[in-house]
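Below is one structure; the comments refer to it alone.
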Amino acid sequence: MRADNDSATSRSDETGEADTQGTTMPEQQDRWAQLTEGRAGEDYARRFARLAESGHDVHGEATFCDALLKPAARVLDAGCGTGRIAIRLAELGHRCTGVDIDSSMLAVARREAPAQDWLLGDLARLDTLGLEPEFDLVLAAGNVIPLLAPGTEPTVVRHLASLLRPGGLLVTGMGLDAAHLPLPEPPLTLADFDHWCTEAGLTLSERHATWDGAPYTPAAGYAVSVHTRSRAGSTDGHLT
Ligand SMILES: C[S@@+](CC[C@H](N)C(=O)[O-])C[C@H]1O[C@@H](n2cnc3c(N)ncnc32)[C@H](O)[C@@H]1O
């Protein structure tokens, strides 16, 4: 399945304003909003608090990213939700900005870490948020990519890639089957995703089945991927 049709570039804005064809188009909701109606923040935070209390390691994503980074790196947590990963990365010394479209999720992040940077915004319109580029790492963990609005995925990947410095890393975690997604079926394949990344100037550097680095196999049902933004004049995709 390939969503080459980049619908975000022709959509109207949240107000339902007329597009360039003169027609009025409704804004397409992201799949997360369709599932949660924008009210999931407190429940989501409680779920992770319970997991932590019962002894689970809830910091796998942050530990994975930290291992890829130099000290005090700049990190964009795209689809940061309640901020659980960006907060941990900040505790580890990194400079993090979180962006999410769900105000119930961001309300938790702002309450838990008021001094951190949290932006309410749509990843499909990331270029409108005035973010300084040259991030060392952009993270989209917790099924952010499969939970985007249908058709916006290539645009989002392009925006995420454009905010990386040359040699910077896009780190994603996503389910590939119903057992690893809050959806009845996967809306995209890894081949789709890798294609969008290639189109955006990214090269696959690493792929695992879990955040603790288990080897990826198609049967795993989950992929943790690291894509690298090519350095000017180089396409080797090596980590720096
Ligand atoms: C399952 S939550 C994961 C949150 C966080 N990354 C984590 O791992 O805890 C998916 C998040 O993606 C966000 N999201 C989905 N589409 C988005 C979009 N177009 N712009 C910004 N955030 C989006 C949702 O609002 C939600 O907070």
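Chain labels run A, B, ... following the order of the structure tokens; each chain numbers its residues from 1, and ligands are numbered from 1 in the order shown.
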Open item on the list: Set the distance at 6 Å and use only C-alpha atoms: which residues neighbour Trp196 of chain A once local chain neighbours fewer than 3 positions away are removed? I'd like the list as a list of chain:residue names.
Closed with: A:Pro154, A:Phe193, A:Glu199
- [ ] Using DSSP on the backbone coordinates, identify the residues of segment 38-235 of chain A assigned to strand (DSSP E or B); present them as a PyMOL selection string.
- [x] chain A and resi 74-78+95-100+117-120+135-140+164-175+202-208+215+222-229
Could you turn the residues from that selection into a file that holds N, CA and C atoms, as a compact mmCIF listing (two decimals), in the first residue's frame?
```txt
# COMPACT_ATOMS: atom_id res chain seq x y z
N ARG A 74 19.97 18.08 20.55
CA ARG A 74 18.65 18.68 20.28
C ARG A 74 17.73 17.60 19.74
N VAL A 75 16.58 17.41 20.41
CA VAL A 75 15.65 16.34 20.04
C VAL A 75 14.26 16.93 19.84
N LEU A 76 13.63 16.53 18.74
CA LEU A 76 12.22 16.86 18.53
C LEU A 76 11.41 15.59 18.75
N ASP A 77 10.49 15.64 19.71
CA ASP A 77 9.59 14.50 19.95
C ASP A 77 8.29 14.80 19.21
N ALA A 78 8.16 14.19 18.04
CA ALA A 78 7.03 14.48 17.14
C ALA A 78 5.88 13.54 17.47
N ARG A 95 18.15 18.43 25.00
CA ARG A 95 17.30 19.62 24.85
C ARG A 95 16.14 19.24 23.94
N CYS A 96 14.96 19.11 24.53
CA CYS A 96 13.84 18.50 23.81
C CYS A 96 12.71 19.49 23.57
N THR A 97 12.13 19.35 22.39
CA THR A 97 10.88 20.05 22.07
C THR A 97 9.85 18.99 21.74
N GLY A 98 8.65 19.12 22.31
CA GLY A 98 7.58 18.18 22.00
C GLY A 98 6.49 18.87 21.20
N VAL A 99 5.97 18.17 20.20
CA VAL A 99 4.86 18.69 19.39
C VAL A 99 3.76 17.64 19.36
N ASP A 100 2.55 18.07 19.61
CA ASP A 100 1.41 17.14 19.48
C ASP A 100 0.16 17.95 19.15
N ASP A 117 9.69 22.67 26.46
CA ASP A 117 9.01 23.27 25.29
C ASP A 117 7.97 22.28 24.75
N TRP A 118 6.71 22.70 24.80
CA TRP A 118 5.62 21.87 24.27
C TRP A 118 4.83 22.71 23.28
N LEU A 119 4.65 22.21 22.08
CA LEU A 119 3.92 22.97 21.06
C LEU A 119 2.69 22.19 20.62
N LEU A 120 1.58 22.88 20.57
CA LEU A 120 0.35 22.29 20.02
C LEU A 120 0.40 22.51 18.51
N PHE A 135 17.83 19.69 14.10
CA PHE A 135 17.74 18.77 15.24
C PHE A 135 18.71 17.62 15.01
N ASP A 136 19.26 17.11 16.11
CA ASP A 136 20.13 15.93 16.03
C ASP A 136 19.30 14.66 15.85
N LEU A 137 18.12 14.68 16.43
CA LEU A 137 17.28 13.48 16.35
C LEU A 137 15.81 13.91 16.40
N VAL A 138 15.03 13.32 15.52
CA VAL A 138 13.57 13.49 15.56
C VAL A 138 12.98 12.12 15.85
N LEU A 139 12.11 12.10 16.85
CA LEU A 139 11.51 10.84 17.31
C LEU A 139 10.02 10.84 16.99
N ALA A 140 9.54 9.73 16.46
CA ALA A 140 8.08 9.53 16.32
C ALA A 140 7.80 8.12 16.85
N LEU A 164 15.95 17.85 10.39
CA LEU A 164 17.19 17.21 10.86
C LEU A 164 18.41 17.92 10.29
N ARG A 165 19.46 17.95 11.08
CA ARG A 165 20.75 18.38 10.51
C ARG A 165 21.27 17.27 9.60
N PRO A 166 22.17 17.58 8.65
CA PRO A 166 22.79 16.50 7.89
C PRO A 166 23.44 15.51 8.86
N GLY A 167 23.18 14.24 8.66
CA GLY A 167 23.68 13.22 9.59
C GLY A 167 22.74 12.97 10.77
N GLY A 168 21.69 13.80 10.91
CA GLY A 168 20.73 13.62 12.00
C GLY A 168 19.85 12.39 11.78
N LEU A 169 19.17 11.98 12.84
CA LEU A 169 18.47 10.69 12.85
C LEU A 169 16.97 10.84 13.03
N LEU A 170 16.22 10.11 12.21
CA LEU A 170 14.78 9.96 12.44
C LEU A 170 14.58 8.59 13.08
N VAL A 171 14.04 8.56 14.29
CA VAL A 171 13.81 7.31 15.01
C VAL A 171 12.31 7.10 15.14
N THR A 172 11.84 5.95 14.68
CA THR A 172 10.40 5.68 14.72
C THR A 172 10.14 4.30 15.33
N GLY A 173 8.99 4.18 15.97
CA GLY A 173 8.54 2.87 16.44
C GLY A 173 7.10 2.69 16.01
N MET A 174 6.82 1.57 15.33
CA MET A 174 5.44 1.38 14.87
C MET A 174 5.07 -0.09 14.76
N GLY A 175 3.80 -0.35 15.07
CA GLY A 175 3.26 -1.68 14.91
C GLY A 175 2.98 -1.97 13.45
N LEU A 202 16.24 10.38 3.33
CA LEU A 202 16.69 9.59 4.49
C LEU A 202 17.10 8.19 4.04
N THR A 203 18.07 7.63 4.76
CA THR A 203 18.57 6.28 4.48
C THR A 203 18.39 5.42 5.71
N LEU A 204 17.89 4.20 5.53
CA LEU A 204 17.72 3.30 6.67
C LEU A 204 19.09 2.89 7.22
N SER A 205 19.30 3.13 8.52
CA SER A 205 20.58 2.79 9.15
C SER A 205 20.48 1.57 10.05
N GLU A 206 19.36 1.45 10.76
CA GLU A 206 19.17 0.34 11.70
C GLU A 206 17.69 -0.01 11.74
N ARG A 207 17.43 -1.29 11.97
CA ARG A 207 16.04 -1.69 12.22
C ARG A 207 16.03 -2.81 13.26
N HIS A 208 15.19 -2.65 14.27
CA HIS A 208 15.07 -3.62 15.35
C HIS A 208 13.60 -3.98 15.53
N PRO A 215 16.74 -8.23 17.28
CA PRO A 215 16.85 -8.17 15.81
C PRO A 215 15.47 -8.12 15.16
N TYR A 222 6.49 -5.50 14.90
CA TYR A 222 6.85 -4.15 15.36
C TYR A 222 8.22 -3.81 14.79
N ALA A 223 8.39 -2.54 14.45
CA ALA A 223 9.69 -2.11 13.91
C ALA A 223 10.14 -0.83 14.59
N VAL A 224 11.35 -0.85 15.09
CA VAL A 224 12.04 0.36 15.54
C VAL A 224 13.06 0.67 14.46
N SER A 225 12.89 1.80 13.80
CA SER A 225 13.75 2.13 12.65
C SER A 225 14.55 3.40 12.93
N VAL A 226 15.77 3.39 12.45
CA VAL A 226 16.61 4.59 12.50
C VAL A 226 16.97 4.93 11.06
N HIS A 227 16.51 6.08 10.62
CA HIS A 227 16.88 6.60 9.30
C HIS A 227 17.78 7.81 9.49
N THR A 228 18.75 7.96 8.59
CA THR A 228 19.73 9.05 8.70
C THR A 228 19.55 10.03 7.55
N ARG A 229 19.59 11.31 7.88
CA ARG A 229 19.57 12.32 6.82
C ARG A 229 20.93 12.38 6.17
```
TODO: Counting only C-alpha atoms and all ligand atoms, name the residues that have an atom within 7 Å of an atom of ligand 1; the answer should be given as an NGL selection string.
DONE: :A and (30-33 or 78-85 or 99-102 or 105 or 121-124 or 140-144 or 147-149)
Residue selection dump (C-alpha atoms) as a PDB file, in the first residue's frame:
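For reference, part05.pdb as written:
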```
ATOM      1  CA  ASP A  30      -5.781  11.852  12.451  1.00  0.00           C
ATOM      2  CA  ARG A  31      -6.478   8.221  13.348  1.00  0.00           C
ATOM      3  CA  TRP A  32      -5.571   8.864  16.998  1.00  0.00           C
ATOM      4  CA  ALA A  33      -8.305  11.518  17.246  1.00  0.00           C
ATOM      5  CA  ALA A  78       7.033  14.478  17.138  1.00  0.00           C
ATOM      6  CA  GLY A  79       3.669  13.292  18.434  1.00  0.00           C
ATOM      7  CA  CYS A  80       5.024  13.589  21.972  1.00  0.00           C
ATOM      8  CA  GLY A  81       1.674  12.843  23.600  1.00  0.00           C
ATOM      9  CA  THR A  82       1.959  13.190  27.389  1.00  0.00           C
ATOM     10  CA  GLY A  83       5.662  13.941  27.008  1.00  0.00           C
ATOM     11  CA  ARG A  84       6.784  10.788  28.773  1.00  0.00           C
ATOM     12  CA  ILE A  85       9.761  10.255  26.422  1.00  0.00           C
ATOM     13  CA  VAL A  99       4.859  18.690  19.385  1.00  0.00           C
ATOM     14  CA  ASP A 100       1.414  17.139  19.481  1.00  0.00           C
ATOM     15  CA  ILE A 101      -2.008  17.911  18.064  1.00  0.00           C
ATOM     16  CA  ASP A 102      -3.978  16.483  21.013  1.00  0.00           C
ATOM     17  CA  MET A 105      -2.138  14.744  25.878  1.00  0.00           C
ATOM     18  CA  GLY A 121       0.497  21.602  16.306  1.00  0.00           C
ATOM     19  CA  ASP A 122      -0.113  19.308  13.376  1.00  0.00           C
ATOM     20  CA  LEU A 123       2.869  17.342  12.103  1.00  0.00           C
ATOM     21  CA  ALA A 124       1.437  17.704   8.597  1.00  0.00           C
ATOM     22  CA  ALA A 140       8.081   9.528  16.316  1.00  0.00           C
ATOM     23  CA  ALA A 141       7.475   6.759  18.845  1.00  0.00           C
ATOM     24  CA  GLY A 142       4.349   4.980  19.992  1.00  0.00           C
ATOM     25  CA  ASN A 143       2.713   4.433  16.607  1.00  0.00           C
ATOM     26  CA  VAL A 144       2.647   8.122  15.678  1.00  0.00           C
ATOM     27  CA  LEU A 147      -1.945   7.153  13.678  1.00  0.00           C
ATOM     28  CA  LEU A 148      -1.577  10.175  11.376  1.00  0.00           C
ATOM     29  CA  ALA A 149      -4.459  11.341   9.214  1.00  0.00           C
TER      30      ALA A 149
END
```
Just list as a PDB file with C-alpha atoms, in the first residue's frame whatever in segment 25-236 of chain A DSSP marks as helix (DSSP H, G or I).
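After the write, result-v9.pdb holds the following:
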```
ATOM      1  CA  ARG A  31      -6.478   8.221  13.348  1.00  0.00           C
ATOM      2  CA  TRP A  32      -5.571   8.864  16.998  1.00  0.00           C
ATOM      3  CA  ALA A  33      -8.305  11.518  17.246  1.00  0.00           C
ATOM      4  CA  GLN A  34     -10.772   9.165  15.567  1.00  0.00           C
ATOM      5  CA  LEU A  35      -9.985   6.590  18.262  1.00  0.00           C
ATOM      6  CA  THR A  36      -9.878   8.863  21.308  1.00  0.00           C
ATOM      7  CA  GLY A  41      -4.481  12.311  27.973  1.00  0.00           C
ATOM      8  CA  GLU A  42      -5.188  11.388  31.585  1.00  0.00           C
ATOM      9  CA  ASP A  43      -5.981   7.718  30.817  1.00  0.00           C
ATOM     10  CA  TYR A  44      -2.802   7.408  28.757  1.00  0.00           C
ATOM     11  CA  ALA A  45      -0.719   8.880  31.593  1.00  0.00           C
ATOM     12  CA  ARG A  46      -2.373   6.570  34.151  1.00  0.00           C
ATOM     13  CA  ARG A  47      -1.650   3.538  31.973  1.00  0.00           C
ATOM     14  CA  PHE A  48       2.072   4.300  31.921  1.00  0.00           C
ATOM     15  CA  ALA A  49       2.100   5.176  35.625  1.00  0.00           C
ATOM     16  CA  ARG A  50       0.588   1.748  36.390  1.00  0.00           C
ATOM     17  CA  LEU A  51       3.151   0.011  34.176  1.00  0.00           C
ATOM     18  CA  ALA A  52       5.988   1.831  35.973  1.00  0.00           C
ATOM     19  CA  GLU A  53       4.531   0.964  39.391  1.00  0.00           C
ATOM     20  CA  GLY A  60      12.930   1.978  26.540  1.00  0.00           C
ATOM     21  CA  GLU A  61      12.469   4.590  23.822  1.00  0.00           C
ATOM     22  CA  ALA A  62      14.450   7.265  25.696  1.00  0.00           C
ATOM     23  CA  THR A  63      17.249   4.823  26.544  1.00  0.00           C
ATOM     24  CA  PHE A  64      17.444   3.766  22.886  1.00  0.00           C
ATOM     25  CA  CYS A  65      17.645   7.377  21.656  1.00  0.00           C
ATOM     26  CA  ASP A  66      20.118   8.428  24.337  1.00  0.00           C
ATOM     27  CA  ALA A  67      22.502   5.707  23.177  1.00  0.00           C
ATOM     28  CA  LEU A  68      22.509   7.271  19.683  1.00  0.00           C
ATOM     29  CA  ARG A  84       6.784  10.788  28.773  1.00  0.00           C
ATOM     30  CA  ILE A  85       9.761  10.255  26.422  1.00  0.00           C
ATOM     31  CA  ALA A  86      10.830  13.893  26.033  1.00  0.00           C
ATOM     32  CA  ILE A  87      10.716  14.321  29.804  1.00  0.00           C
ATOM     33  CA  ARG A  88      13.001  11.328  30.278  1.00  0.00           C
ATOM     34  CA  LEU A  89      15.366  12.546  27.530  1.00  0.00           C
ATOM     35  CA  ALA A  90      15.544  15.947  29.249  1.00  0.00           C
ATOM     36  CA  GLU A  91      16.392  14.186  32.530  1.00  0.00           C
ATOM     37  CA  SER A 103      -4.401  19.107  23.732  1.00  0.00           C
ATOM     38  CA  SER A 104      -5.486  16.513  26.319  1.00  0.00           C
ATOM     39  CA  MET A 105      -2.138  14.744  25.878  1.00  0.00           C
ATOM     40  CA  LEU A 106      -0.136  17.996  25.884  1.00  0.00           C
ATOM     41  CA  ALA A 107      -1.924  19.144  29.058  1.00  0.00           C
ATOM     42  CA  VAL A 108      -0.298  16.242  30.902  1.00  0.00           C
ATOM     43  CA  ALA A 109       3.129  17.080  29.440  1.00  0.00           C
ATOM     44  CA  ARG A 110       2.794  20.737  30.437  1.00  0.00           C
ATOM     45  CA  ARG A 111       1.725  19.808  33.957  1.00  0.00           C
ATOM     46  CA  GLU A 112       4.521  17.252  34.426  1.00  0.00           C
ATOM     47  CA  LEU A 123       2.869  17.342  12.103  1.00  0.00           C
ATOM     48  CA  ALA A 124       1.437  17.704   8.597  1.00  0.00           C
ATOM     49  CA  ARG A 125       1.959  21.462   8.988  1.00  0.00           C
ATOM     50  CA  LEU A 126       5.173  21.404  10.945  1.00  0.00           C
ATOM     51  CA  ASP A 127       6.582  24.088   8.668  1.00  0.00           C
ATOM     52  CA  THR A 128       4.125  26.600  10.169  1.00  0.00           C
ATOM     53  CA  ILE A 145       3.173   7.353  11.966  1.00  0.00           C
ATOM     54  CA  PRO A 146       0.304   4.810  11.665  1.00  0.00           C
ATOM     55  CA  LEU A 147      -1.945   7.153  13.678  1.00  0.00           C
ATOM     56  CA  GLU A 153       2.168  10.356   6.027  1.00  0.00           C
ATOM     57  CA  PRO A 154       4.569  11.315   3.179  1.00  0.00           C
ATOM     58  CA  THR A 155       4.163  15.002   4.015  1.00  0.00           C
ATOM     59  CA  VAL A 156       4.852  14.382   7.686  1.00  0.00           C
ATOM     60  CA  VAL A 157       7.946  12.292   6.930  1.00  0.00           C
ATOM     61  CA  ARG A 158       9.193  15.066   4.636  1.00  0.00           C
ATOM     62  CA  HIS A 159       8.683  17.696   7.353  1.00  0.00           C
ATOM     63  CA  LEU A 160      10.404  15.547   9.978  1.00  0.00           C
ATOM     64  CA  ALA A 161      13.370  14.952   7.661  1.00  0.00           C
ATOM     65  CA  SER A 162      13.659  18.642   6.822  1.00  0.00           C
ATOM     66  CA  ALA A 178      -3.271  -5.611  14.671  1.00  0.00           C
ATOM     67  CA  ALA A 179      -1.591  -7.065  17.768  1.00  0.00           C
ATOM     68  CA  HIS A 180       0.786  -4.092  17.893  1.00  0.00           C
ATOM     69  CA  LEU A 190       7.349  -0.796   6.191  1.00  0.00           C
ATOM     70  CA  ALA A 191       7.954  -0.654   2.433  1.00  0.00           C
ATOM     71  CA  ASP A 192       5.630   2.384   2.258  1.00  0.00           C
ATOM     72  CA  PHE A 193       7.437   4.029   5.128  1.00  0.00           C
ATOM     73  CA  ASP A 194      10.916   3.348   3.760  1.00  0.00           C
ATOM     74  CA  HIS A 195       9.794   4.735   0.394  1.00  0.00           C
ATOM     75  CA  TRP A 196       8.578   7.994   1.999  1.00  0.00           C
ATOM     76  CA  CYS A 197      11.863   8.207   3.918  1.00  0.00           C
ATOM     77  CA  THR A 198      13.913   7.707   0.758  1.00  0.00           C
ATOM     78  CA  GLU A 199      11.885  10.394  -1.006  1.00  0.00           C
ATOM     79  CA  PRO A 218       8.982  -9.524   9.627  1.00  0.00           C
ATOM     80  CA  ALA A 219       7.200 -11.853  12.086  1.00  0.00           C
ATOM     81  CA  ALA A 220       7.938  -9.480  14.974  1.00  0.00           C
TER      82      ALA A 220
END
```
